[in-house]
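Structure first, commentary second.
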Amino acid sequence: MAKKSLKAGIFITFEGPEGCGKSTHSAMLCEYLKSRGYDCVHTREPGGTSLGEKIRELLLHSDGIKISDISELFLFEAARSQIVVEVIMPALEAGKIVICDRFSDATFSYQGYGGKVPLEVIRALDRVSTKGLKPRLTILLDVDTITGLSRAKRKGSDRMEKKDVTYHRRVRSGYLDLARRYHGRIKVIKAGGTIQKTQAMVRREVDRVI
């Protein structure tokens, strides 16, 4: 199939609480778009760069290190700053579709609503790390907290997943609050059905944007 060109790159992010399936669905969407002839880049946060992957390992698999909510915030934003400069912006400037597994909304939900770091602090720092970049579309896959944690733990729990249930409930509540505030950008999809049905709903939202 011939490559389809876009006048400008499109930035799409996937968000959601633990166990929502965002990694699966973001990867599936990228393959779908490639099959339609679009030049698509799939990446993740934290990660996506050499620096980001090292920060990811520290954040998710450092059981012997105590990391405060503020330190957590700085680490996530450092990884974000690197991926914006190194991966996302160059791809968008080249007219590609960029799909990112988590972005700024995750920091507001996890470190803000979950960790109770003041949102104005996150907003100021995030503005610097992203250079003001905002997704065109954010897919928020929503799942009940207990169900999501149960799914996530089947693969083995990382440091974030091991936080208590009340923390994760605040995270989910934060995501839903952000969706109400930015309903034009954030589209909530219930992730309780089959993978095929959920992916079909994801593709409908993305097709509207493209």
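Order determines the names: the first chain of the structure tokens is A, the second B, and so forth; residues in each chain are numbered 1 upward, and ligands are numbered 1 upward as they are shown.
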
- Message: Could you go through range 74-141 of chain A and tell me which residues DSSP, when run on the backbone, assigns to helix (DSSP H, G or I), listing them as a PyMOL selection string?
- Response: chain A and resi 74-93+104-114+119-130

- Message: Just want the 10 Å neighbourhood of range 86-101 of chain A, counted on only C-alpha atoms, with same-chain residues fewer than 5 positions away dropped. Output as JSON, numbers by chain.
- Response: {"A": [4, 5, 6, 7, 8, 9, 10, 11, 12, 13, 14, 15, 16, 22, 23, 24, 25, 26, 27, 29, 30, 33, 34, 38, 39, 40, 41, 42, 43, 44, 45, 46, 47, 48, 49, 80, 81, 106, 130, 131, 133, 135, 137, 138, 139, 210]}

- Leu140 in chain A: which residues within 12 Å, counting only C-alpha atoms, same-chain residues fewer than 3 positions away excluded, as an MDAnalysis selection string? chainID A and resid 12:18 20:23 25:26 101:103 105:106 109 137 143 172 174:180 182:183 185:191 198 201:202 205

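Here CA of Gly184 in chain A and CA of Val171 in chain A stand 20.6 Å from one another.
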
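Proximity ranking of A:Arg203, A:Thr145, A:Arg56, A:Arg170 relative to Arg36 in chain A places A:Arg203 first, based on only C-alpha atoms.
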
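Shell of Leu75 in chain A at 12 Å, with only C-alpha atoms counted and residues fewer than 5 places along the chain excluded, is Glu45, Pro46, Gly47, Leu51, Gly52, Glu53, Lys54, Ile55, Arg56, Glu57, Leu58, Leu59, Leu60, Ile67, Ser68, Asp69, Ile70, Arg80, Ser81, Gln82, Thr107, Gln111, Leu125, Asp126 and Ser129 of chain A.
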
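Between CA of Gly19 in chain A and CA of Lys153 in chain A the interatomic distance comes to 8.2 Å.
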